[in-house]
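Dumped final24.pdb below, it's PDB, C-alpha atoms:
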ATOM      1  CA  MET A 848      -1.250  -3.177 -12.922
ATOM      2  CA  LYS A 849      -0.064  -0.081 -13.168
ATOM      3  CA  THR A 850      -3.093   0.913 -14.731
ATOM      4  CA  PHE A 851      -3.424  -0.606 -11.705
ATOM      5  CA  ASN A 852      -0.966   1.270  -9.532
ATOM      6  CA  LYS A 853       1.365   2.642 -11.933
ATOM      7  CA  THR A 854      -0.564   4.793 -14.204
ATOM      8  CA  LEU A 855      -3.269   5.951 -11.925
ATOM      9  CA  ILE A 856      -3.043   4.387  -8.761
ATOM     10  CA  ALA A 857      -6.107   3.008  -9.985
ATOM     11  CA  ALA A 858      -3.434   1.339 -11.616
ATOM     12  CA  SER A 859      -2.129   0.853  -8.185
ATOM     13  CA  LEU A 860      -1.688  -2.589  -7.687
ATOM     14  CA  ALA A 861      -4.354  -1.601  -5.245
ATOM     15  CA  THR A 862      -4.503  -3.391  -8.397
ATOM     16  CA  LEU A 863      -4.279  -6.761  -7.034
ATOM     17  CA  GLY A 864      -7.828  -7.266  -6.155
ATOM     18  CA  MET A 865      -7.807  -4.971  -3.179
ATOM     19  CA  ALA A 866     -10.083  -6.650  -0.785
ATOM     20  CA  ALA A 867     -13.013  -6.987  -3.114
ATOM     21  CA  ALA A 868     -15.876  -9.318  -2.265
ATOM     22  CA  PRO A 869     -15.488 -12.736  -3.909
ATOM     23  CA  ALA A 870     -17.427 -13.149  -7.155
ATOM     24  CA  ALA A 871     -19.649 -16.174  -7.621
ATOM     25  CA  LEU A 872     -18.763 -16.865 -11.264
ATOM     26  CA  ALA A 873     -15.598 -16.870 -13.339
ATOM     27  CA  ASN A 874     -15.047 -13.595 -15.163
ATOM     28  CA  VAL A 875     -12.529 -12.161 -17.624
ATOM     29  CA  GLU A 876     -12.023  -8.427 -18.041
ATOM     30  CA  ALA A 877      -9.602  -6.524 -20.270
ATOM     31  CA  SER A 878      -8.926  -2.866 -20.952
ATOM     32  CA  ALA A 879      -6.557  -0.467 -22.691
ATOM     33  CA  THR A 880      -5.345   2.842 -21.239
ATOM     34  CA  VAL A 881      -3.616   5.930 -22.560
ATOM     35  CA  ALA A 882      -2.111   8.392 -20.083
ATOM     36  CA  THR A 883      -0.197  11.643 -20.282
ATOM     37  CA  SER A 884       2.624  10.129 -18.221
ATOM     38  CA  TYR A 885       3.651   6.929 -16.474
ATOM     39  CA  LEU A 886       2.940   7.655 -12.801
ATOM     40  CA  TRP A 887       4.167   4.911 -10.479
ATOM     41  CA  ARG A 888       4.120   5.198  -6.707
ATOM     42  CA  GLY A 889       4.505   8.961  -6.794
ATOM     43  CA  LEU A 890       7.249   8.944  -9.436
ATOM     44  CA  ASP A 891       6.966  10.084 -13.052
ATOM     45  CA  LEU A 892       8.773   7.220 -14.794
ATOM     46  CA  GLY A 893       8.016   8.686 -18.194
ATOM     47  CA  SER A 894       9.678  12.048 -17.572
ATOM     48  CA  GLY A 895       6.587  13.731 -18.953
ATOM     49  CA  THR A 896       6.088  11.452 -21.966
ATOM     50  CA  GLY A 897       2.871   9.567 -22.649
ATOM     51  CA  SER A 898       2.080   5.970 -21.726
ATOM     52  CA  ILE A 899       0.045   3.216 -23.394
ATOM     53  CA  SER A 900      -0.946   0.036 -21.568
ATOM     54  CA  ALA A 901      -3.342  -2.898 -21.625
ATOM     55  CA  ASP A 902      -4.381  -5.487 -19.077
ATOM     56  CA  ALA A 903      -6.413  -8.670 -18.780
ATOM     57  CA  VAL A 904      -7.705 -10.155 -15.513
ATOM     58  CA  TYR A 905      -9.324 -13.521 -14.853
ATOM     59  CA  SER A 906     -11.276 -13.938 -11.609
ATOM     60  CA  THR A 907     -13.285 -16.705  -9.996
ATOM     61  CA  GLY A 908     -14.478 -16.754  -6.419
ATOM     62  CA  GLY A 909     -11.918 -14.799  -4.402
ATOM     63  CA  LEU A 910      -9.066 -15.654  -6.775
ATOM     64  CA  SER A 911      -7.822 -13.372  -9.545
ATOM     65  CA  ALA A 912      -4.836 -13.414 -11.885
ATOM     66  CA  GLY A 913      -3.756 -11.346 -14.831
ATOM     67  CA  VAL A 914      -1.190  -9.605 -16.967
ATOM     68  CA  TRP A 915      -0.398  -5.927 -17.575
ATOM     69  CA  VAL A 916       1.693  -4.683 -20.508
ATOM     70  CA  GLY A 917       2.816  -1.081 -20.905
ATOM     71  CA  SER A 918       5.227   1.445 -22.341
ATOM     72  CA  GLY A 919       6.309   4.861 -21.139
ATOM     73  CA  ASP A 920       9.128   4.078 -18.696
ATOM     74  CA  THR A 921      11.986   6.042 -20.260
ATOM     75  CA  GLU A 922      14.656   4.278 -18.177
ATOM     76  CA  SER A 923      13.531   0.651 -17.997
ATOM     77  CA  GLY A 924      11.702   0.423 -21.326
ATOM     78  CA  THR A 925       8.832  -1.904 -22.189
ATOM     79  CA  GLU A 926       7.312  -3.727 -19.231
ATOM     80  CA  TYR A 927       4.956  -6.612 -18.605
ATOM     81  CA  ASP A 928       3.641  -7.599 -15.185
ATOM     82  CA  LEU A 929       2.108 -10.828 -13.919
ATOM     83  CA  PHE A 930      -0.011 -10.885 -10.789
ATOM     84  CA  ALA A 931      -2.329 -13.061  -8.706
ATOM     85  CA  SER A 932      -4.278 -12.565  -5.498
ATOM     86  CA  TYR A 933      -6.919 -13.946  -3.194
ATOM     87  CA  ALA A 934      -9.436 -11.552  -1.614
ATOM     88  CA  GLY A 935     -12.312 -11.918   0.794
ATOM     89  CA  ASN A 936     -14.199 -10.429   3.718
ATOM     90  CA  LEU A 937     -14.462 -11.160   7.422
ATOM     91  CA  GLY A 938     -17.500  -9.269   8.566
ATOM     92  CA  GLY A 939     -16.850  -5.664   7.526
ATOM     93  CA  LEU A 940     -13.098  -6.224   7.155
ATOM     94  CA  GLY A 941     -11.788  -6.886   3.668
ATOM     95  CA  TYR A 942      -8.454  -8.561   3.028
ATOM     96  CA  SER A 943      -6.255  -9.458   0.073
ATOM     97  CA  VAL A 944      -3.059 -11.502  -0.264
ATOM     98  CA  GLY A 945      -1.216 -11.320  -3.561
ATOM     99  CA  TRP A 946       1.945 -11.551  -5.627
ATOM    100  CA  ALA A 947       3.235  -9.419  -8.487
ATOM    101  CA  GLU A 948       6.181  -9.806 -10.858
ATOM    102  CA  TYR A 949       7.447  -6.839 -12.903
ATOM    103  CA  ASN A 950       9.404  -7.814 -16.018
ATOM    104  CA  TYR A 951      11.634  -5.576 -18.163
ATOM    105  CA  PRO A 952      12.787  -7.660 -21.161
ATOM    106  CA  THR A 953      14.932  -4.900 -22.668
ATOM    107  CA  ILE A 954      17.043  -4.452 -19.510
ATOM    108  CA  ASP A 955      20.511  -5.948 -19.275
ATOM    109  CA  SER A 956      20.419  -7.342 -15.734
ATOM    110  CA  ASP A 957      24.204  -6.997 -15.467
ATOM    111  CA  ASP A 958      23.780  -3.225 -15.661
ATOM    112  CA  ALA A 959      20.771  -2.904 -13.332
ATOM    113  CA  ALA A 960      21.360  -3.337  -9.606
ATOM    114  CA  GLY A 961      18.443  -5.069  -7.897
ATOM    115  CA  PHE A 962      17.134  -6.713 -11.080
ATOM    116  CA  GLN A 963      17.337 -10.484 -11.354
ATOM    117  CA  GLY A 964      17.218 -11.247 -15.061
ATOM    118  CA  GLY A 965      15.334  -8.006 -15.662
ATOM    119  CA  GLU A 966      12.539  -8.703 -13.170
ATOM    120  CA  LEU A 967      11.345  -7.669  -9.718
ATOM    121  CA  GLU A 968       8.749  -9.239  -7.421
ATOM    122  CA  ASP A 969       6.459  -8.058  -4.622
ATOM    123  CA  TYR A 970       4.303  -9.866  -2.112
ATOM    124  CA  VAL A 971       1.229  -7.700  -1.547
ATOM    125  CA  TYR A 972      -1.005  -7.633   1.529
ATOM    126  CA  SER A 973      -3.989  -5.353   2.132
ATOM    127  CA  LEU A 974      -6.747  -4.699   4.647
ATOM    128  CA  SER A 975      -9.775  -2.469   4.114
ATOM    129  CA  TYR A 976     -12.555  -1.183   6.302
ATOM    130  CA  ALA A 977     -15.241   1.472   5.755
ATOM    131  CA  GLY A 978     -13.650   2.668   2.511
ATOM    132  CA  VAL A 979     -10.114   2.934   3.925
ATOM    133  CA  THR A 980      -7.467   0.533   2.580
ATOM    134  CA  ALA A 981      -3.950  -0.136   3.886
ATOM    135  CA  THR A 982      -1.570  -2.014   1.570
ATOM    136  CA  HIS A 983       1.950  -3.346   2.102
ATOM    137  CA  TYR A 984       4.234  -4.256  -0.829
ATOM    138  CA  ASP A 985       7.100  -6.455   0.367
ATOM    139  CA  ALA A 986       9.888  -6.755  -2.216
ATOM    140  CA  LYS A 987      11.177 -10.310  -2.664
ATOM    141  CA  ASP A 988      14.929 -10.796  -2.107
ATOM    142  CA  SER A 989      15.204  -7.299  -0.627
ATOM    143  CA  VAL A 990      14.425  -5.421   2.582
ATOM    144  CA  SER A 991      12.750  -2.687   0.529
ATOM    145  CA  SER A 992       9.031  -2.051   0.949
ATOM    146  CA  TYR A 993       6.246   0.294  -0.103
ATOM    147  CA  ASN A 994       3.147   1.111   1.956
ATOM    148  CA  THR A 995      -0.050   2.957   1.109
ATOM    149  CA  LEU A 996      -3.096   4.235   2.957
ATOM    150  CA  SER A 997      -5.983   5.190   0.695
ATOM    151  CA  PHE A 998      -9.599   6.334   0.802
ATOM    152  CA  ASP A 999     -12.126   6.580  -2.030
ATOM    153  CA  VAL A1000     -15.581   8.146  -2.067
ATOM    154  CA  LEU A1001     -17.873   9.424  -4.832
ATOM    155  CA  GLY A1002     -15.174   9.341  -7.491
ATOM    156  CA  PHE A1003     -12.559  11.098  -5.340
ATOM    157  CA  GLY A1004      -9.472   9.258  -4.116
ATOM    158  CA  VAL A1005      -6.731  10.099  -1.623
ATOM    159  CA  LEU A1006      -3.592   7.973  -1.311
ATOM    160  CA  LEU A1007      -0.578   8.417   0.952
ATOM    161  CA  GLY A1008       2.400   6.331  -0.156
ATOM    162  CA  ASP A1009       5.739   5.691   1.537
ATOM    163  CA  HIS A1010       8.874   4.129   0.006
ATOM    164  CA  ASP A1011      11.486   2.451   2.209
ATOM    165  CA  ARG A1012      14.276   1.223  -0.059
ATOM    166  CA  GLN A1013      16.836   0.030   2.481
ATOM    167  CA  GLY A1014      19.491  -2.219   1.054
ATOM    168  CA  ASP A1015      19.070  -0.989  -2.533
ATOM    169  CA  ALA A1016      21.986   0.482  -4.456
ATOM    170  CA  ALA A1017      21.060   3.737  -2.741
ATOM    171  CA  ASP A1018      19.031   3.767   0.485
ATOM    172  CA  VAL A1019      16.072   6.056  -0.150
ATOM    173  CA  GLU A1020      12.982   6.983   1.824
ATOM    174  CA  MET A1021      10.268   8.950   0.059
ATOM    175  CA  SER A1022       6.632   9.809   0.769
ATOM    176  CA  HIS A1023       4.020  11.137  -1.628
ATOM    177  CA  LEU A1024       0.377  12.217  -1.644
ATOM    178  CA  ASP A1025      -1.911  11.456  -4.588
ATOM    179  CA  LEU A1026      -5.306  13.055  -5.157
ATOM    180  CA  SER A1027      -7.468  11.632  -7.931
ATOM    181  CA  TYR A1028     -10.887  12.191  -9.435
ATOM    182  CA  GLY A1029     -12.726   9.851 -11.763
ATOM    183  CA  VAL A1030     -14.887  11.938 -14.071
ATOM    184  CA  ASN A1031     -16.516   8.716 -15.288
ATOM    185  CA  ASP A1032     -15.606   5.044 -15.671
ATOM    186  CA  SER A1033     -12.994   5.942 -18.303
ATOM    187  CA  LEU A1034     -11.471   9.358 -17.564
ATOM    188  CA  THR A1035      -9.381   9.981 -14.424
ATOM    189  CA  PHE A1036      -7.206  12.886 -13.298
ATOM    190  CA  THR A1037      -4.460  12.435 -10.689
ATOM    191  CA  VAL A1038      -2.265  14.987  -8.939
ATOM    192  CA  SER A1039       0.758  13.435  -7.211
ATOM    193  CA  THR A1040       3.116  15.374  -4.938
ATOM    194  CA  ILE A1041       6.334  14.203  -3.271
ATOM    195  CA  ILE A1042       6.023  15.476   0.305
ATOM    196  CA  SER A1043       9.357  14.223   1.683
ATOM    197  CA  SER A1044      12.485  12.521   0.356
ATOM    198  CA  SER A1045      15.873  11.533   1.750
ATOM    199  CA  ASP A1046      17.304  11.821  -1.765
ATOM    200  CA  THR A1047      18.588  15.386  -2.150
ATOM    201  CA  GLN A1048      18.435  14.963  -5.935
ATOM    202  CA  ASN A1049      14.756  14.112  -5.724
ATOM    203  CA  GLU A1050      13.277  17.465  -4.688
ATOM    204  CA  PRO A1051       9.579  17.726  -3.844
ATOM    205  CA  ASP A1052       7.723  17.767  -7.140
ATOM    206  CA  THR A1053       4.154  17.608  -8.440
ATOM    207  CA  THR A1054       2.957  15.520 -11.382
ATOM    208  CA  VAL A1055      -0.456  15.830 -13.033
ATOM    209  CA  VAL A1056      -1.693  12.850 -15.045
ATOM    210  CA  ALA A1057      -4.809  12.383 -17.147
ATOM    211  CA  SER A1058      -5.697   8.857 -18.219
ATOM    212  CA  TYR A1059      -8.413   7.350 -20.369
ATOM    213  CA  SER A1060      -9.336   3.645 -20.231
ATOM    214  CA  LEU A1061     -11.702   1.551 -22.319
ATOM    215  CA  PRO A1062     -12.747  -2.100 -21.883
ATOM    216  CA  PHE A1063     -12.445  -4.510 -24.776
TER
END
If you convert what's in this file into structure tokens, what do you get?
Amino acid sequence: MKTFNKTLIAASLATLGMAAAPAALANVEASATVATSYLWRGLDLGSGTGSISADAVYSTGGLSAGVWVGSGDTESGTEYDLFASYAGNLGGLGYSVGWAEYNYPTIDSDDAAGFQGGELEDYVYSLSYAGVTATHYDAKDSVSSYNTLSFDVLGFGVLLGDHDRQGDAADVEMSHLDLSYGVNDSLTFTVSTIISSSDTQNEPDTTVVASYSLPF
């Protein structure tokens, strides 16, 4: 899912089915991805180290569900995510309602504020029209949220993301801009820049990520 939103923003839980038209038949897709870093919502969680991940998604009609497994987060360790969503269209307006759970089995929850047994959850809502998609990630059991506005055309993608982490161990607001280009169905380059942050230790920074994905 982060090959979904984390690794590329493609791995952006835009990842949760993002207002796609319902498919008529059941379908299962799986892929593996290698990336130069673990980019998640404008943050380099890998501190410049590489990332390996794999995902599998089952879809039927407007429903989809899947699992994402990945490495590369130097602080939280190995991760696996579970997610499900329902997507459809009303005229030219696309919509998606979903849920995602991020699990970190190597984390001691007693040492990680905000983690419940080494896991976090989001409710995810999105609307899309004419190639523009707005997505809201509402953290369960928290007043924190993350919002994105994105646009994709001819292999180019632009995403503006905004973190609002009120009520966390440290209240933080941060915005970032991601520019991506898909050379083909497998190779993608992303440039992510923090454009504002209330955390004085988190100075504006730019991360460049190359990722390569293959179906299996």
I'd like a table as a tab-separated table: residues in segment 904-982 of chain A with an atom no more than 9 Å from segment 884-892 of chain A, each row giving the shortest atom pair and its distance in Å to one decimal, all atoms listed in the file counted, sorted by chain and rising residue number.
residue	atom	partner	partner_atom	distance
A:Ser918	CA	A:Tyr885	CA	8.2
A:Gly919	CA	A:Tyr885	CA	5.8
A:Asp920	CA	A:Leu892	CA	5.0
A:Thr921	CA	A:Leu892	CA	6.4
A:Glu922	CA	A:Leu892	CA	7.4
A:Ser923	CA	A:Leu892	CA	8.7
### Query
So what does the PyMOL selection byres ((chain A and resi 992) around 8) actually pick up in this one, as a list of chain:residue names?
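For this structure, the PyMOL selection byres ((chain A and resi 992) around 8) resolves to A:His983, A:Tyr984, A:Asp985, A:Ala986, A:Val990, A:Ser991, A:Tyr993, A:Asn994, A:His1010, A:Asp1011, A:Arg1012.
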### Message
Env of Ala873 of chain A: 8 Å cut, atoms = all atoms listed in the file, seq-sep filter 3 positions within chain, self excluded. Answer as a VMD selection string.
### Response
chain A and resid 870 905 to 908
### Task
Check what the PyMOL selection byres ((chain A and resi 900) around 6) selects in the file above and give those residues as a PyMOL selection string.
chain A and resi 879-880+899+901+916-917
### Query
For the atom pair atom CA of Ser1027 of chain A and atom CA of Gly1004 of chain A, what is the interatomic distance in Å to one decimal place?
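Atom CA of Ser1027 of chain A sits 4.9 Å away from atom CA of Gly1004 of chain A.
By all atoms listed in the file, and with residues fewer than 2 positions from Met1021 of chain A along its chain excluded, the set lying at most 7 Å from it is Asp1009, His1010, Asp1011, Val1019, His1023, Ser1043, Ser1044 and Ser1045 of chain A.
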### Query
Written as a ChimeraX atom specification, what is the full residue list that the PyMOL selection byres ((chain A and resi 1060) around 12) yields on the file shown?
/A:850-851,854-855,857-858,877-882,898-902,1029-1036,1057-1059,1061-1063
### Task
Have a look at A:Val1056, A:Asp1046, A:Tyr951, A:Tyr976 and name the one nearest to Gly924 of chain A; count all atoms listed in the file.
A:Tyr951
### Message
Please return as a ChimeraX atom specification every residue within 9 Å of (9.6, -7.7, -17.9), taking into account only C-alpha atoms and the file's own coordinates.
### Response
/A:916,925-928,948-954,964-967
### Query
Could you state the separation of atom CA of Thr896 of chain A and atom CA of Leu1024 of chain A in Å, given to one decimal place?
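Pair atom CA of Thr896 of chain A / atom CA of Leu1024 of chain A returns 21.1 Å.
In terms of minimum interatomic distance to Gly941 of chain A, A:Gly978 ranks closest within A:Gly1002, A:Gly897, A:Gly913, A:Gly978, counting only C-alpha atoms.
Going from atom CA of Val944 of chain A over to atom CA of Val904 of chain A, you cover 16.0 Å.
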### Task
Can you pull out every residue within 9 Å of Gly939 of chain A, counting only C-alpha atoms, but drop anything in the same chain fewer than 3 positions away, and send it as number ranges by chain?
A: 936, 975-977
